[in-house]
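> I have a structure I would like to understand better, so I am pasting it below and will then ask my questions one at a time.
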Amino acid sequence: MMKEIILVKYGEMALKGQNKGTFEDILFKNIKYRLKSMGKFNYSRAQSTIYIEPADESIILEEVIDRLGKVFGIATLCKACVCEKDFSDISAKAVEYLRDTLEDAKSFKVEAKRADKTFPMKSPEICRELGGILAENYSHLTVDVHNPEITVIADIRDTNAYVYADKIRGAGGLPLGSSGKAMLLLSGGIDSPVAGYMMAKRGIHISAIHFVSPPYTSDRALLKVEELCQKMTDYCGDIRFYCVPFTKIQEQLKLRCPEEYFTILMRRLMMIIAQEIAKKDECVALITGESVGQVASQTVQAMVCTDAVCHVPVFRPCIGLDKTEIIEIARKIDTFDISVQPYEDCCTVFTPRHPKIRPQLEQIEKAQEKGNFAELIQEAIDGTELKIFMVNL
């Protein structure tokens, strides 16, 4: 019986110079965590590749690959057959191991990767000889070096050779947790889960904060956001979720401030609260799903007024995307259908009829000062509840 292994390769991490080892260690740890419930594996790494060998015959490699496909930091991955570093063994196993793949294909080519330069055959010779053997055994195949349906790869490394067909594209990016922590303002709409995913792809480990305003927002609206949070763990890892009671603040905003400023002031107070909770959670930045011009609170002038209360960076990865692009990513990460469930969040409560779309910072600051929200802000922080969502392993 042929021995199979999973090869995991990473892209931009290889360019990290002296810091490369740190990124590799984090990715290694993340992979082990994601696979720990699937059985026992033997792990090793060399030459920008992680080798994952199942130690249990009951492990289904396709399921392992599916789970690894959502781990940030992985550029490509594949199942491979382990061969001796002998061309006769490589060619014999390639014919048998790739049978199901090649029988259903029409064209192919062979690529050779010769990391071990002591191997007696050079790459062009390996391609030519192995290609001839495969063409002889699968006479229906044609060789197409420019646009093949299947690319067969013979990978000659230090201890073994490996044969596999086309590589599977990974999630890319940087390993989760390699870029610190940030707090995501999670609204329950389409945009904010996408923003969290995009920052997680850059190595940010996210926590999430959500504002509720019962009885104006329902229990079902909160459950929807919690469902989103759980879904996001597929890519974002374990998430600490903070739920902030916001009813009193919104009611007092309506009473104490001009209606046209309501949305901007609400956003400012949310940012103040989010920063305080982020500090306790050791997050060093905030993340929002804002996109320029999408709604009244997302004009450039409005964002200036919002950012004026922030003393940490505010990441807006969706800032230049249009709605179609954001929806495309939401569908990819499987959050779209949850986000469009018809349950309103607190951002839609007391929406002004004519919001100020080009607010002046001085006017906004005066309105907030006059409203005197310090006690209500502290009360909301004290009433915040924490829930932890874990990756489904």
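Every chain in the structure tokens takes a letter, A first, then B, and so on in the order presented; its residues are numbered from 1, and the ligands are numbered from 1 following the presented order.
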From a backbone DSSP assignment, name each residue in region 269-350 of chain A labelled helix (DSSP H, G or I), as number ranges by chain.

A: 269-280, 296-298, 300-307, 323-332, 336-339, 346-348

> Neighbours of Tyr242 (chain A) within 6 Å (only C-alpha atoms; same-chain residues fewer than 5 positions away dropped), as an NGL selection string?

:A and (209 or 385-386)

> Using only C-alpha atoms, which residue out of A:Ala14, A:Lys20, A:Pro215, A:Cys236 lies closest to Val71 (chain A)?

A:Cys236

> If I take CA of Glu365 (chain A) and CA of Ala302 (chain A), how far is one from the other in Å, to one decimal?

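Distance between the two atoms: 12.3 Å.
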
> Determine the nearest neighbour of Pro54 (chain A) from the options A:Arg169, A:Lys231, A:Lys370, A:Lys40, counting only C-alpha atoms.

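When distances to Pro54 (chain A) are compared using only C-alpha atoms, the smallest one comes from A:Lys40.
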
> Counting only C-alpha atoms, which of A:Ser107, A:Gly203, A:Val194, A:Glu344 gets nearest to Lys224 (chain A)?

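Going through A:Ser107, A:Gly203, A:Val194, A:Glu344 one by one, the smallest distance to Lys224 (chain A) is for A:Glu344.
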
> Step one, run DSSP on the backbone; step two, keep only residues of region 165-262 of chain A assigned to strand (DSSP E or B); then write them as a ChimeraX atom specification.

/A:168-169,174,181-185,202,205-212,239-245

> Can you write out the residues you just picked, keeping N, CA and C atoms, as a PDB file, in the first residue's frame?


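Saved to out08.pdb:
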ATOM      1  N   ILE A 168      -3.639  22.485  -4.494  1.00  0.00           N
ATOM      2  CA  ILE A 168      -4.865  23.172  -4.081  1.00  0.00           C
ATOM      3  C   ILE A 168      -4.477  24.512  -3.475  1.00  0.00           C
ATOM      4  N   ARG A 169      -5.171  25.546  -3.888  1.00  0.00           N
ATOM      5  CA  ARG A 169      -4.864  26.873  -3.358  1.00  0.00           C
ATOM      6  C   ARG A 169      -5.329  26.982  -1.910  1.00  0.00           C
ATOM      7  N   LEU A 174      -1.205  35.646   6.225  1.00  0.00           N
ATOM      8  CA  LEU A 174      -0.241  35.397   7.296  1.00  0.00           C
ATOM      9  C   LEU A 174      -0.903  34.581   8.405  1.00  0.00           C
ATOM     10  N   LYS A 181      -3.626  41.516  18.033  1.00  0.00           N
ATOM     11  CA  LYS A 181      -5.072  41.384  18.229  1.00  0.00           C
ATOM     12  C   LYS A 181      -5.771  42.701  17.938  1.00  0.00           C
ATOM     13  N   ALA A 182      -7.006  42.605  17.451  1.00  0.00           N
ATOM     14  CA  ALA A 182      -7.818  43.800  17.215  1.00  0.00           C
ATOM     15  C   ALA A 182      -9.275  43.476  17.502  1.00  0.00           C
ATOM     16  N   MET A 183     -10.047  44.526  17.799  1.00  0.00           N
ATOM     17  CA  MET A 183     -11.463  44.381  18.144  1.00  0.00           C
ATOM     18  C   MET A 183     -12.326  44.751  16.949  1.00  0.00           C
ATOM     19  N   LEU A 184     -13.158  43.812  16.502  1.00  0.00           N
ATOM     20  CA  LEU A 184     -14.068  44.018  15.377  1.00  0.00           C
ATOM     21  C   LEU A 184     -15.419  44.504  15.875  1.00  0.00           C
ATOM     22  N   LEU A 185     -15.901  45.637  15.347  1.00  0.00           N
ATOM     23  CA  LEU A 185     -17.261  46.084  15.616  1.00  0.00           C
ATOM     24  C   LEU A 185     -18.182  45.293  14.695  1.00  0.00           C
ATOM     25  N   ARG A 202      -4.562  38.861   7.394  1.00  0.00           N
ATOM     26  CA  ARG A 202      -3.272  39.539   7.572  1.00  0.00           C
ATOM     27  C   ARG A 202      -2.642  39.204   8.921  1.00  0.00           C
ATOM     28  N   HIS A 205      -5.526  38.422  15.101  1.00  0.00           N
ATOM     29  CA  HIS A 205      -6.470  37.596  15.850  1.00  0.00           C
ATOM     30  C   HIS A 205      -7.565  38.518  16.378  1.00  0.00           C
ATOM     31  N   ILE A 206      -8.796  38.300  15.962  1.00  0.00           N
ATOM     32  CA  ILE A 206      -9.860  39.245  16.293  1.00  0.00           C
ATOM     33  C   ILE A 206     -10.675  38.818  17.515  1.00  0.00           C
ATOM     34  N   SER A 207     -11.102  39.821  18.257  1.00  0.00           N
ATOM     35  CA  SER A 207     -12.236  39.699  19.176  1.00  0.00           C
ATOM     36  C   SER A 207     -13.369  40.483  18.520  1.00  0.00           C
ATOM     37  N   ALA A 208     -14.576  40.369  19.048  1.00  0.00           N
ATOM     38  CA  ALA A 208     -15.713  41.060  18.433  1.00  0.00           C
ATOM     39  C   ALA A 208     -16.556  41.735  19.505  1.00  0.00           C
ATOM     40  N   ILE A 209     -17.126  42.879  19.132  1.00  0.00           N
ATOM     41  CA  ILE A 209     -18.005  43.604  20.046  1.00  0.00           C
ATOM     42  C   ILE A 209     -19.293  43.951  19.305  1.00  0.00           C
ATOM     43  N   HIS A 210     -20.409  43.775  19.997  1.00  0.00           N
ATOM     44  CA  HIS A 210     -21.724  44.015  19.392  1.00  0.00           C
ATOM     45  C   HIS A 210     -22.575  44.814  20.384  1.00  0.00           C
ATOM     46  N   PHE A 211     -23.361  45.749  19.871  1.00  0.00           N
ATOM     47  CA  PHE A 211     -24.195  46.618  20.707  1.00  0.00           C
ATOM     48  C   PHE A 211     -25.665  46.231  20.536  1.00  0.00           C
ATOM     49  N   VAL A 212     -26.349  46.024  21.649  1.00  0.00           N
ATOM     50  CA  VAL A 212     -27.761  45.635  21.607  1.00  0.00           C
ATOM     51  C   VAL A 212     -28.606  46.701  22.291  1.00  0.00           C
ATOM     52  N   ILE A 239     -13.023  33.244  19.004  1.00  0.00           N
ATOM     53  CA  ILE A 239     -13.387  34.664  19.080  1.00  0.00           C
ATOM     54  C   ILE A 239     -14.007  34.970  20.438  1.00  0.00           C
ATOM     55  N   ARG A 240     -13.464  35.976  21.108  1.00  0.00           N
ATOM     56  CA  ARG A 240     -14.068  36.505  22.332  1.00  0.00           C
ATOM     57  C   ARG A 240     -15.089  37.556  21.913  1.00  0.00           C
ATOM     58  N   PHE A 241     -16.343  37.352  22.317  1.00  0.00           N
ATOM     59  CA  PHE A 241     -17.467  38.160  21.839  1.00  0.00           C
ATOM     60  C   PHE A 241     -18.044  38.974  22.994  1.00  0.00           C
ATOM     61  N   TYR A 242     -18.035  40.286  22.851  1.00  0.00           N
ATOM     62  CA  TYR A 242     -18.529  41.196  23.888  1.00  0.00           C
ATOM     63  C   TYR A 242     -19.857  41.804  23.447  1.00  0.00           C
ATOM     64  N   CYS A 243     -20.860  41.689  24.304  1.00  0.00           N
ATOM     65  CA  CYS A 243     -22.191  42.219  24.015  1.00  0.00           C
ATOM     66  C   CYS A 243     -22.470  43.401  24.948  1.00  0.00           C
ATOM     67  N   VAL A 244     -22.663  44.579  24.359  1.00  0.00           N
ATOM     68  CA  VAL A 244     -22.774  45.824  25.119  1.00  0.00           C
ATOM     69  C   VAL A 244     -24.226  46.299  25.154  1.00  0.00           C
ATOM     70  N   PRO A 245     -24.793  46.547  26.349  1.00  0.00           N
ATOM     71  CA  PRO A 245     -26.146  47.113  26.434  1.00  0.00           C
ATOM     72  C   PRO A 245     -26.103  48.600  26.042  1.00  0.00           C
TER      73      PRO A 245
END

> Check the smallest atom-to-atom distance from each of A:Gln298, A:Gln18, A:Gln230, A:Ser213 to Glu251 (chain A) using only C-alpha atoms, then report the winner.

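Looking at the shortest contact to Glu251 (chain A), the residue is A:Ser213.
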
> Could you name the residues that touch Ser123 (chain A) at 7 Å or less, counting only C-alpha atoms, but leaving out those on the same chain fewer than 4 positions away, as a ChimeraX atom specification?

/A:112-114,127

> For Gln363 (chain A), find every residue with an atom within 12 Å (counting only C-alpha atoms), except residues of its own chain fewer than 5 positions away, and show them as a list in words.

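Result of the neighbour search: Cys257, Pro258, Glu260, Tyr261, Ile264, Leu265, Ala302, Cys305, Lys356, Arg358, Gln368, Glu369 and Lys370 of chain A.
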
> Given the selection you just returned, output its residues as a file containing all heavy atoms, formatted as an mmCIF file, in the first residue's frame.


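Heads up, here's the output in result_5.cif:
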data_model
loop_
_atom_site.group_PDB
_atom_site.id
_atom_site.type_symbol
_atom_site.label_atom_id
_atom_site.label_comp_id
_atom_site.auth_asym_id
_atom_site.auth_seq_id
_atom_site.Cartn_x
_atom_site.Cartn_y
_atom_site.Cartn_z
ATOM 1 N N CYS A 257 -29.551 65.375 22.000
ATOM 2 C CA CYS A 257 -28.753 65.845 20.863
ATOM 3 C C CYS A 257 -29.616 66.119 19.633
ATOM 4 O O CYS A 257 -30.682 65.511 19.465
ATOM 5 C CB CYS A 257 -27.683 64.808 20.511
ATOM 6 S SG CYS A 257 -26.543 64.494 21.864
ATOM 7 N N PRO A 258 -29.148 66.992 18.758
ATOM 8 C CA PRO A 258 -29.876 67.245 17.515
ATOM 9 C C PRO A 258 -30.012 65.960 16.695
ATOM 10 O O PRO A 258 -29.060 65.180 16.587
ATOM 11 C CB PRO A 258 -28.983 68.259 16.787
ATOM 12 C CG PRO A 258 -28.185 68.906 17.865
ATOM 13 C CD PRO A 258 -27.960 67.852 18.896
ATOM 14 N N GLU A 260 -30.101 65.310 13.578
ATOM 15 C CA GLU A 260 -29.241 65.132 12.410
ATOM 16 C C GLU A 260 -27.844 64.621 12.780
ATOM 17 O O GLU A 260 -27.125 64.080 11.942
ATOM 18 C CB GLU A 260 -29.114 66.444 11.642
ATOM 19 C CG GLU A 260 -28.489 67.574 12.446
ATOM 20 C CD GLU A 260 -28.451 68.872 11.679
ATOM 21 O OE1 GLU A 260 -28.819 68.876 10.494
ATOM 22 O OE2 GLU A 260 -28.053 69.888 12.275
ATOM 23 N N TYR A 261 -27.458 64.779 14.063
ATOM 24 C CA TYR A 261 -26.149 64.315 14.514
ATOM 25 C C TYR A 261 -26.195 62.925 15.150
ATOM 26 O O TYR A 261 -25.163 62.401 15.568
ATOM 27 C CB TYR A 261 -25.569 65.291 15.551
ATOM 28 C CG TYR A 261 -25.252 66.661 15.021
ATOM 29 C CD1 TYR A 261 -25.198 67.756 15.889
ATOM 30 C CD2 TYR A 261 -25.006 66.894 13.668
ATOM 31 C CE1 TYR A 261 -24.893 69.023 15.426
ATOM 32 C CE2 TYR A 261 -24.706 68.150 13.194
ATOM 33 C CZ TYR A 261 -24.669 69.225 14.074
ATOM 34 O OH TYR A 261 -24.362 70.474 13.612
ATOM 35 N N ILE A 264 -23.747 60.012 13.822
ATOM 36 C CA ILE A 264 -22.324 60.261 14.056
ATOM 37 C C ILE A 264 -21.998 60.157 15.539
ATOM 38 O O ILE A 264 -20.993 59.547 15.936
ATOM 39 C CB ILE A 264 -21.915 61.651 13.525
ATOM 40 C CG1 ILE A 264 -22.217 61.762 12.031
ATOM 41 C CG2 ILE A 264 -20.429 61.911 13.796
ATOM 42 C CD1 ILE A 264 -21.517 60.744 11.183
ATOM 43 N N LEU A 265 -22.843 60.742 16.380
ATOM 44 C CA LEU A 265 -22.606 60.670 17.823
ATOM 45 C C LEU A 265 -22.690 59.229 18.324
ATOM 46 O O LEU A 265 -21.908 58.810 19.189
ATOM 47 C CB LEU A 265 -23.603 61.557 18.563
ATOM 48 C CG LEU A 265 -23.379 63.065 18.409
ATOM 49 C CD1 LEU A 265 -24.571 63.841 18.955
ATOM 50 C CD2 LEU A 265 -22.090 63.495 19.106
ATOM 51 N N ALA A 302 -17.684 62.223 7.925
ATOM 52 C CA ALA A 302 -18.218 61.503 9.089
ATOM 53 C C ALA A 302 -17.138 60.642 9.743
ATOM 54 O O ALA A 302 -17.057 60.543 10.979
ATOM 55 C CB ALA A 302 -19.398 60.638 8.662
ATOM 56 N N CYS A 305 -14.911 62.671 11.948
ATOM 57 C CA CYS A 305 -15.544 62.934 13.245
ATOM 58 C C CYS A 305 -15.510 61.703 14.143
ATOM 59 O O CYS A 305 -15.326 61.815 15.363
ATOM 60 C CB CYS A 305 -16.995 63.389 13.039
ATOM 61 S SG CYS A 305 -17.150 65.008 12.261
ATOM 62 N N LYS A 356 -26.820 64.147 8.974
ATOM 63 C CA LYS A 356 -25.786 65.056 8.492
ATOM 64 C C LYS A 356 -24.711 64.227 7.797
ATOM 65 O O LYS A 356 -24.066 63.385 8.420
ATOM 66 C CB LYS A 356 -25.169 65.813 9.674
ATOM 67 C CG LYS A 356 -24.363 67.033 9.283
ATOM 68 C CD LYS A 356 -25.264 68.213 8.980
ATOM 69 C CE LYS A 356 -24.438 69.489 8.846
ATOM 70 N NZ LYS A 356 -25.284 70.659 8.478
ATOM 71 N N ARG A 358 -22.118 65.592 5.949
ATOM 72 C CA ARG A 358 -20.824 66.290 5.972
ATOM 73 C C ARG A 358 -20.690 67.060 7.283
ATOM 74 O O ARG A 358 -20.641 68.291 7.306
ATOM 75 C CB ARG A 358 -20.691 67.225 4.772
ATOM 76 C CG ARG A 358 -20.630 66.487 3.438
ATOM 77 C CD ARG A 358 -20.464 67.457 2.272
ATOM 78 N NE ARG A 358 -20.384 66.740 1.024
ATOM 79 C CZ ARG A 358 -21.433 66.338 0.316
ATOM 80 N NH1 ARG A 358 -22.661 66.604 0.758
ATOM 81 N NH2 ARG A 358 -21.281 65.683 -0.813
ATOM 82 N N GLN A 368 -21.739 66.452 21.688
ATOM 83 C CA GLN A 368 -21.412 65.350 22.587
ATOM 84 C C GLN A 368 -21.124 65.859 24.001
ATOM 85 O O GLN A 368 -21.564 65.261 24.986
ATOM 86 C CB GLN A 368 -20.202 64.573 22.048
ATOM 87 C CG GLN A 368 -19.845 63.361 22.907
ATOM 88 C CD GLN A 368 -18.726 62.543 22.304
ATOM 89 O OE1 GLN A 368 -18.585 62.455 21.087
ATOM 90 N NE2 GLN A 368 -17.910 61.936 23.151
ATOM 91 N N GLU A 369 -20.390 66.961 24.089
ATOM 92 C CA GLU A 369 -20.075 67.526 25.393
ATOM 93 C C GLU A 369 -21.338 67.969 26.120
ATOM 94 O O GLU A 369 -21.505 67.731 27.324
ATOM 95 C CB GLU A 369 -19.120 68.707 25.228
ATOM 96 C CG GLU A 369 -18.646 69.304 26.546
ATOM 97 C CD GLU A 369 -17.683 70.450 26.350
ATOM 98 O OE1 GLU A 369 -17.328 70.738 25.182
ATOM 99 O OE2 GLU A 369 -17.284 71.062 27.348
ATOM 100 N N LYS A 370 -22.233 68.580 25.384
ATOM 101 C CA LYS A 370 -23.496 69.037 25.965
ATOM 102 C C LYS A 370 -24.337 67.859 26.447
ATOM 103 O O LYS A 370 -25.047 67.942 27.446
ATOM 104 C CB LYS A 370 -24.260 69.857 24.925
ATOM 105 C CG LYS A 370 -25.540 70.484 25.458
ATOM 106 C CD LYS A 370 -26.210 71.317 24.381
ATOM 107 C CE LYS A 370 -27.518 71.938 24.886
ATOM 108 N NZ LYS A 370 -28.185 72.751 23.838
#

> Could you list, as a list in words, every residue within 12 Å of Pro317 (chain A), counting only C-alpha atoms and ignoring same-chain residues fewer than 4 positions away?

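With the cut-off at 12 Å, the set is Leu184, Asp191, Ser192, Pro193, Val194, Ala195, Gly196, Tyr197, Met198, Met199, Ala200, Lys201, Arg202, Leu286, Ile287, Thr288, Gly289, Glu290, Ser291, Val292, Leu321, Asp322 and Ile326 of chain A.
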
> I want to know what sits within 6 Å of Ala171 (chain A), based on only C-alpha atoms, with residues of the same chain fewer than 3 positions away left out; could you give that as a PyMOL selection string?

chain A and resi 69-70+72+74

> List the neighbours of region 62-65 of chain A out to 10 Å using only C-alpha atoms; skip same-chain residues closer than 6 positions along the sequence, and give me the result as a ChimeraX atom specification.

/A:6-8,34-35,38-39,52,54,77-79,168,170

> Distance CA of Asp334 (chain A)-CA of Leu27 (chain A), one decimal place?

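CA of Leu27 (chain A) lies 23.4 Å from CA of Asp334 (chain A).
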
> Could you jot down the CA of Gln252 (chain A) to CA of Tyr216 (chain A) separation for me, Å, one decimal place?

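Interatomic distance here is 14.1 Å.
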